[in-house]
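*Asks:* First the structure, which I've put down as structure tokens, then a few questions once you've had a look.
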Amino acid sequence: MIRTVNLDTNNQTEITPSTLKTLNLKNIWLELVEPSKEEVAYISDKIGVSQNFLDLPETDGLVNLRLEDDFTIVNFVIIQDIITSKEVHPIVMIFCKDFLVTVTKKTDQHIIDLAKKRMNKTKIDPPAQVIYFIIDEIVSNHFIQLEKIEELTSTLEEEVLEKTSQETLKEIFTLKSNLIALNKTLWYERSLIFNLKKCGDTYMAPKTRALFDTTHEDLTRQIDIVETYREILSDAINVHLSATSNKINFSIKSLTVVIFYLTIITTLTSFPNTVATFFGISQFGNTDNLVIFTTITLSIILPLLWLWRKRWLKYET
């Protein structure tokens, strides 16, 4: 789908590829939402940009800035989920002093709509300024993901303090891996914003470049927050390992008591036979065989019952 947005009046119109031939690109935003190959071909011919630059990248997390003589190409990403799927959607933005072209997916329309609400109703918004609105909304959306991470991190901390389990440890390692991927994306985005701020007047007016200062600060703050969460998860892992180590130490102490108990029983039951052998006595005492059998049986069953109550006879994977 191809939609035009007049940067002067903010009027939106859905057009067909054939209409592009007579379209004046002065102060026009060409909004492409999951365009077909035919639509991409028409747009490519109209603005004089290769179709490869208009295609949504298949590589996840591609963040790139290309400064050409006549236009600027920005590849950015919209983070959909970072906790479970690490899903990110690409967005392509091509702009010059006269027009703007964006290529997005339907699911990311809410970001574009938020950027449109920030457009001025009484004067023309330069294409570079609309790019700022879009990128700033994307970066602001990161804070929603950070809030979800904060809730999950807090939950994992409580689970570690209450009990130690392999599932909790797996969740911690998974979240920590996802945070590494998020941190890498944030670094790429901040580097792109920094380069946009440093580009010359040919690509962007100084007033517009100054707007990106707040976006750069937000990305810096988000990187620091992600690093803080990673440290918290590392501390949670250490707590988990300490709790497991203490549990093992307690088990070893308890097993030592069991061994000591069995040693005493073994000594008591074997002592008469040892004395008889030492003095050359073929038979020692007149103990009933039932008593001997009962004593030996209880000496076996009682420790087993104790180990069973402690759940040490079953190996937990």
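Identifiers in the structure tokens: chain A, B, ... in order shown; residue index from 1 per chain; ligand index from 1 in order shown.
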Enumerate, as a PyMOL selection string, the complete set of residues in range 13-225 of chain A that a backbone-based DSSP assignment places in strand (DSSP E).

*Replies:* chain A and resi 13-15+28-33+64-67+72-81+87-95+99-104

*Asks:* Save the residues we just selected, N, CA, C and O atoms, as a compact mmCIF listing (two decimals), in the first residue's frame?

*Replies:*
# COMPACT_ATOMS: atom_id res chain seq x y z
N THR A 13 -3.50 10.60 1.68
CA THR A 13 -4.22 10.07 0.53
C THR A 13 -3.58 8.76 0.11
O THR A 13 -2.35 8.67 -0.02
N GLU A 14 -4.40 7.75 -0.09
CA GLU A 14 -3.91 6.47 -0.59
C GLU A 14 -3.93 6.51 -2.11
O GLU A 14 -4.95 6.84 -2.72
N ILE A 15 -2.82 6.16 -2.73
CA ILE A 15 -2.69 6.28 -4.18
C ILE A 15 -2.29 4.94 -4.79
O ILE A 15 -1.87 4.02 -4.08
N ILE A 28 6.44 16.06 0.35
CA ILE A 28 5.58 14.88 0.34
C ILE A 28 6.25 13.75 1.12
O ILE A 28 7.46 13.53 1.03
N TRP A 29 5.43 13.07 1.88
CA TRP A 29 5.86 11.86 2.60
C TRP A 29 5.19 10.67 1.92
O TRP A 29 3.97 10.54 1.95
N LEU A 30 6.00 9.79 1.32
CA LEU A 30 5.50 8.57 0.71
C LEU A 30 5.60 7.45 1.74
O LEU A 30 6.70 7.04 2.11
N GLU A 31 4.46 6.99 2.19
CA GLU A 31 4.40 5.97 3.23
C GLU A 31 4.07 4.63 2.60
O GLU A 31 2.96 4.42 2.11
N LEU A 32 5.02 3.71 2.64
CA LEU A 32 4.84 2.37 2.07
C LEU A 32 4.64 1.38 3.20
O LEU A 32 5.51 1.26 4.09
N VAL A 33 3.51 0.69 3.18
CA VAL A 33 3.20 -0.30 4.21
C VAL A 33 3.16 -1.68 3.55
O VAL A 33 2.26 -1.99 2.78
N ASN A 64 21.56 0.87 10.25
CA ASN A 64 22.59 1.37 9.34
C ASN A 64 22.22 2.76 8.85
O ASN A 64 21.04 3.10 8.73
N LEU A 65 23.23 3.57 8.57
CA LEU A 65 23.05 4.91 8.04
C LEU A 65 23.90 5.06 6.78
O LEU A 65 25.11 4.78 6.81
N ARG A 66 23.25 5.49 5.71
CA ARG A 66 23.96 5.70 4.44
C ARG A 66 23.72 7.14 3.98
O ARG A 66 22.58 7.54 3.72
N LEU A 67 24.81 7.90 3.90
CA LEU A 67 24.74 9.29 3.48
C LEU A 67 25.18 9.39 2.02
O LEU A 67 26.37 9.24 1.71
N THR A 72 19.46 10.50 2.00
CA THR A 72 19.99 9.79 3.16
C THR A 72 19.11 8.58 3.43
O THR A 72 17.87 8.68 3.41
N ILE A 73 19.74 7.42 3.69
CA ILE A 73 19.02 6.17 3.94
C ILE A 73 19.28 5.74 5.39
O ILE A 73 20.43 5.63 5.81
N VAL A 74 18.20 5.52 6.11
CA VAL A 74 18.29 5.10 7.51
C VAL A 74 17.60 3.74 7.66
O VAL A 74 16.42 3.61 7.33
N ASN A 75 18.35 2.76 8.13
CA ASN A 75 17.77 1.46 8.50
C ASN A 75 17.71 1.40 10.02
O ASN A 75 18.75 1.44 10.69
N PHE A 76 16.51 1.29 10.54
CA PHE A 76 16.30 1.27 11.99
C PHE A 76 15.47 0.04 12.33
O PHE A 76 15.00 -0.68 11.43
N VAL A 77 15.29 -0.24 13.61
CA VAL A 77 14.49 -1.39 14.04
C VAL A 77 13.49 -0.96 15.10
O VAL A 77 13.74 -0.04 15.88
N ILE A 78 12.35 -1.63 15.09
CA ILE A 78 11.31 -1.43 16.10
C ILE A 78 11.25 -2.70 16.94
O ILE A 78 10.93 -3.78 16.44
N ILE A 79 11.57 -2.58 18.22
CA ILE A 79 11.61 -3.75 19.11
C ILE A 79 10.19 -4.11 19.52
O ILE A 79 9.48 -3.32 20.13
N GLN A 80 9.78 -5.33 19.18
CA GLN A 80 8.44 -5.82 19.53
C GLN A 80 8.44 -6.58 20.85
O GLN A 80 7.55 -6.43 21.67
N ASP A 81 9.44 -7.41 21.03
CA ASP A 81 9.52 -8.22 22.26
C ASP A 81 10.97 -8.58 22.50
O ASP A 81 11.69 -8.94 21.55
N GLU A 87 11.91 -10.45 19.17
CA GLU A 87 11.37 -10.06 17.87
C GLU A 87 11.59 -8.57 17.62
O GLU A 87 11.24 -7.73 18.43
N VAL A 88 12.18 -8.26 16.47
CA VAL A 88 12.36 -6.87 16.04
C VAL A 88 11.90 -6.74 14.59
O VAL A 88 12.04 -7.67 13.81
N HIS A 89 11.33 -5.59 14.27
CA HIS A 89 10.85 -5.32 12.91
C HIS A 89 11.68 -4.21 12.29
O HIS A 89 11.93 -3.18 12.93
N PRO A 90 12.10 -4.38 11.03
CA PRO A 90 12.89 -3.34 10.39
C PRO A 90 12.00 -2.20 9.88
O PRO A 90 10.81 -2.38 9.62
N ILE A 91 12.59 -1.04 9.74
CA ILE A 91 11.94 0.11 9.13
C ILE A 91 12.98 0.83 8.30
O ILE A 91 14.12 1.01 8.74
N VAL A 92 12.60 1.20 7.08
CA VAL A 92 13.50 1.91 6.16
C VAL A 92 12.98 3.33 5.98
O VAL A 92 11.79 3.53 5.72
N MET A 93 13.88 4.30 6.11
CA MET A 93 13.52 5.71 5.94
C MET A 93 14.52 6.36 4.97
O MET A 93 15.73 6.30 5.22
N ILE A 94 14.01 6.92 3.91
CA ILE A 94 14.83 7.61 2.91
C ILE A 94 14.32 9.05 2.82
O ILE A 94 13.12 9.27 2.63
N PHE A 95 15.23 10.01 2.94
CA PHE A 95 14.77 11.40 2.92
C PHE A 95 15.82 12.30 2.28
O PHE A 95 17.02 11.98 2.22
N PHE A 99 11.50 15.44 0.04
CA PHE A 99 10.52 14.39 0.30
C PHE A 99 11.07 13.37 1.29
O PHE A 99 12.26 13.35 1.63
N LEU A 100 10.16 12.51 1.72
CA LEU A 100 10.47 11.44 2.68
C LEU A 100 9.77 10.17 2.25
O LEU A 100 8.62 10.20 1.81
N VAL A 101 10.46 9.04 2.35
CA VAL A 101 9.89 7.72 2.04
C VAL A 101 10.13 6.81 3.23
O VAL A 101 11.26 6.71 3.73
N THR A 102 9.07 6.16 3.71
CA THR A 102 9.22 5.18 4.78
C THR A 102 8.62 3.84 4.32
O THR A 102 7.61 3.81 3.63
N VAL A 103 9.28 2.76 4.73
CA VAL A 103 8.81 1.40 4.42
C VAL A 103 8.69 0.67 5.75
O VAL A 103 9.68 0.50 6.47
N THR A 104 7.48 0.23 6.08
CA THR A 104 7.24 -0.42 7.36
C THR A 104 6.31 -1.62 7.19
O THR A 104 5.77 -1.85 6.10

*Asks:* Would you pick out the contacts of Leu54 in chain A at 8 Å or less, using only C-alpha atoms, so that residues sharing its chain but fewer than 3 positions from it are not included, and give the list as a list of chain:residue names?

*Replies:*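 Answer for this query is A:Val40, A:Ser44, A:Val49, A:Ser50, A:Gln51, A:Val92, A:Val103.
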
*Asks:* Store the residues picked out above, limited to all heavy atoms, as a compact mmCIF listing (two decimals), in the first residue's frame.

*Replies:*
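selection.txt, written as the output of this step:
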# COMPACT_ATOMS: atom_id res chain seq x y z
N VAL A 40 7.20 -1.14 -5.11
CA VAL A 40 8.58 -0.77 -4.84
C VAL A 40 9.27 -0.34 -6.13
O VAL A 40 10.04 0.64 -6.15
CB VAL A 40 9.34 -1.94 -4.20
CG1 VAL A 40 10.84 -1.65 -4.14
CG2 VAL A 40 8.81 -2.23 -2.80
N SER A 44 10.88 3.28 -6.76
CA SER A 44 12.30 3.34 -7.11
C SER A 44 12.53 4.22 -8.33
O SER A 44 13.45 5.04 -8.36
CB SER A 44 12.84 1.93 -7.34
OG SER A 44 14.18 1.97 -7.78
N VAL A 49 16.07 5.88 -6.57
CA VAL A 49 16.81 5.09 -5.59
C VAL A 49 16.67 3.62 -5.94
O VAL A 49 15.60 3.17 -6.35
CB VAL A 49 16.27 5.35 -4.16
CG1 VAL A 49 16.98 4.47 -3.15
CG2 VAL A 49 16.46 6.82 -3.79
N SER A 50 17.74 2.86 -5.78
CA SER A 50 17.72 1.44 -6.10
C SER A 50 16.67 0.70 -5.26
O SER A 50 16.43 1.05 -4.09
CB SER A 50 19.10 0.82 -5.85
OG SER A 50 19.06 -0.59 -6.00
N GLN A 51 16.05 -0.31 -5.86
CA GLN A 51 15.04 -1.10 -5.15
C GLN A 51 15.62 -1.80 -3.93
O GLN A 51 14.89 -2.06 -2.96
CB GLN A 51 14.42 -2.13 -6.10
CG GLN A 51 13.65 -1.53 -7.25
CD GLN A 51 12.94 -2.59 -8.08
OE1 GLN A 51 12.53 -3.63 -7.55
NE2 GLN A 51 12.80 -2.35 -9.37
N VAL A 92 12.60 1.20 7.08
CA VAL A 92 13.50 1.91 6.16
C VAL A 92 12.98 3.33 5.98
O VAL A 92 11.79 3.53 5.72
CB VAL A 92 13.58 1.19 4.80
CG1 VAL A 92 14.46 1.97 3.83
CG2 VAL A 92 14.10 -0.23 4.96
N VAL A 103 9.28 2.76 4.73
CA VAL A 103 8.81 1.40 4.42
C VAL A 103 8.69 0.67 5.75
O VAL A 103 9.68 0.50 6.47
CB VAL A 103 9.77 0.67 3.48
CG1 VAL A 103 9.17 -0.67 3.05
CG2 VAL A 103 10.11 1.51 2.26

*Asks:* Return as a ChimeraX atom specification the full set of residues in range 13-106 of chain A whose backbone-based DSSP assignment is helix (DSSP H, G or I).

*Replies:* /A:17-22,37-47,51-54,106

*Asks:* Name all residues at most 10 Å from Thr208 in chain A (count only C-alpha atoms; drop same-chain ones fewer than 3 positions away) and give them as a PyMOL selection string.

*Replies:* chain A and resi 126-132+196-197+201+204-205+211-213

*Asks:* What gap, in Å, lies between CA of Glu38 in chain A and CA of Leu62 in chain A?

*Replies:*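 These atoms are spaced 24.2 Å apart.
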
*Asks:* Kindly indicate which residue among A:Thr256, A:Thr153, A:Thr214, A:Ser36 lies nearest to Thr228 in chain A, using only C-alpha atoms for the distances.

*Replies:*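 Of the candidates, the smallest distance to Thr228 in chain A is held by A:Thr153.
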
*Asks:* Which residues, written as a ChimeraX atom specification, have at least one atom at most 8 Å from Val226 in chain A, with only C-alpha atoms counted and residues fewer than 2 positions away on the same chain left out?

*Replies:* /A:146,179,182-183,222-224,228-230

*Asks:* Mind writing the picked residues with N, CA, C and O atoms as a PDB file, in the first residue's frame?

*Replies:*
ATOM      1  N   LEU A 146      11.654  -2.067  28.666  1.00  0.00           N
ATOM      2  CA  LEU A 146      12.463  -2.038  29.890  1.00  0.00           C
ATOM      3  C   LEU A 146      11.603  -2.250  31.132  1.00  0.00           C
ATOM      4  O   LEU A 146      12.050  -2.873  32.103  1.00  0.00           O
ATOM      5  N   LEU A 179      19.172  -9.623  27.041  1.00  0.00           N
ATOM      6  CA  LEU A 179      19.652  -8.283  27.372  1.00  0.00           C
ATOM      7  C   LEU A 179      20.926  -7.944  26.609  1.00  0.00           C
ATOM      8  O   LEU A 179      21.153  -6.782  26.248  1.00  0.00           O
ATOM      9  N   LEU A 182      19.715  -6.913  23.247  1.00  0.00           N
ATOM     10  CA  LEU A 182      19.113  -5.580  23.332  1.00  0.00           C
ATOM     11  C   LEU A 182      20.186  -4.510  23.479  1.00  0.00           C
ATOM     12  O   LEU A 182      20.105  -3.446  22.842  1.00  0.00           O
ATOM     13  N   ASN A 183      21.170  -4.781  24.303  1.00  0.00           N
ATOM     14  CA  ASN A 183      22.240  -3.812  24.517  1.00  0.00           C
ATOM     15  C   ASN A 183      22.996  -3.532  23.218  1.00  0.00           C
ATOM     16  O   ASN A 183      23.352  -2.382  22.925  1.00  0.00           O
ATOM     17  N   GLN A 222      19.042   4.256  28.452  1.00  0.00           N
ATOM     18  CA  GLN A 222      18.546   2.892  28.288  1.00  0.00           C
ATOM     19  C   GLN A 222      19.679   1.882  28.332  1.00  0.00           C
ATOM     20  O   GLN A 222      19.527   0.791  28.904  1.00  0.00           O
ATOM     21  N   ILE A 223      20.817   2.237  27.752  1.00  0.00           N
ATOM     22  CA  ILE A 223      21.980   1.340  27.808  1.00  0.00           C
ATOM     23  C   ILE A 223      22.420   1.142  29.255  1.00  0.00           C
ATOM     24  O   ILE A 223      22.733   0.017  29.685  1.00  0.00           O
ATOM     25  N   ASP A 224      22.442   2.225  30.031  1.00  0.00           N
ATOM     26  CA  ASP A 224      22.815   2.123  31.452  1.00  0.00           C
ATOM     27  C   ASP A 224      21.817   1.255  32.219  1.00  0.00           C
ATOM     28  O   ASP A 224      22.203   0.465  33.092  1.00  0.00           O
ATOM     29  N   THR A 228      22.477  -2.267  34.205  1.00  0.00           N
ATOM     30  CA  THR A 228      22.083  -2.455  35.612  1.00  0.00           C
ATOM     31  C   THR A 228      21.309  -3.761  35.783  1.00  0.00           C
ATOM     32  O   THR A 228      21.557  -4.522  36.731  1.00  0.00           O
ATOM     33  N   TYR A 229      20.378  -4.036  34.869  1.00  0.00           N
ATOM     34  CA  TYR A 229      19.606  -5.280  34.948  1.00  0.00           C
ATOM     35  C   TYR A 229      20.516  -6.496  34.784  1.00  0.00           C
ATOM     36  O   TYR A 229      20.318  -7.526  35.443  1.00  0.00           O
ATOM     37  N   ARG A 230      21.498  -6.394  33.911  1.00  0.00           N
ATOM     38  CA  ARG A 230      22.433  -7.511  33.729  1.00  0.00           C
ATOM     39  C   ARG A 230      23.226  -7.771  35.011  1.00  0.00           C
ATOM     40  O   ARG A 230      23.470  -8.926  35.385  1.00  0.00           O
TER      41      ARG A 230
END

*Asks:* Between CA of His142 in chain A and CA of Ile83 in chain A, what is the spacing in Å?

*Replies:*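 Distance between the two atoms: 12.4 Å.
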
*Asks:* Rounded to one decimal place, report the CA of Asn195 in chain A-CA of Ile144 in chain A distance in Å.

*Replies:*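 One can read the CA of Asn195 in chain A to CA of Ile144 in chain A distance as 25.6 Å.
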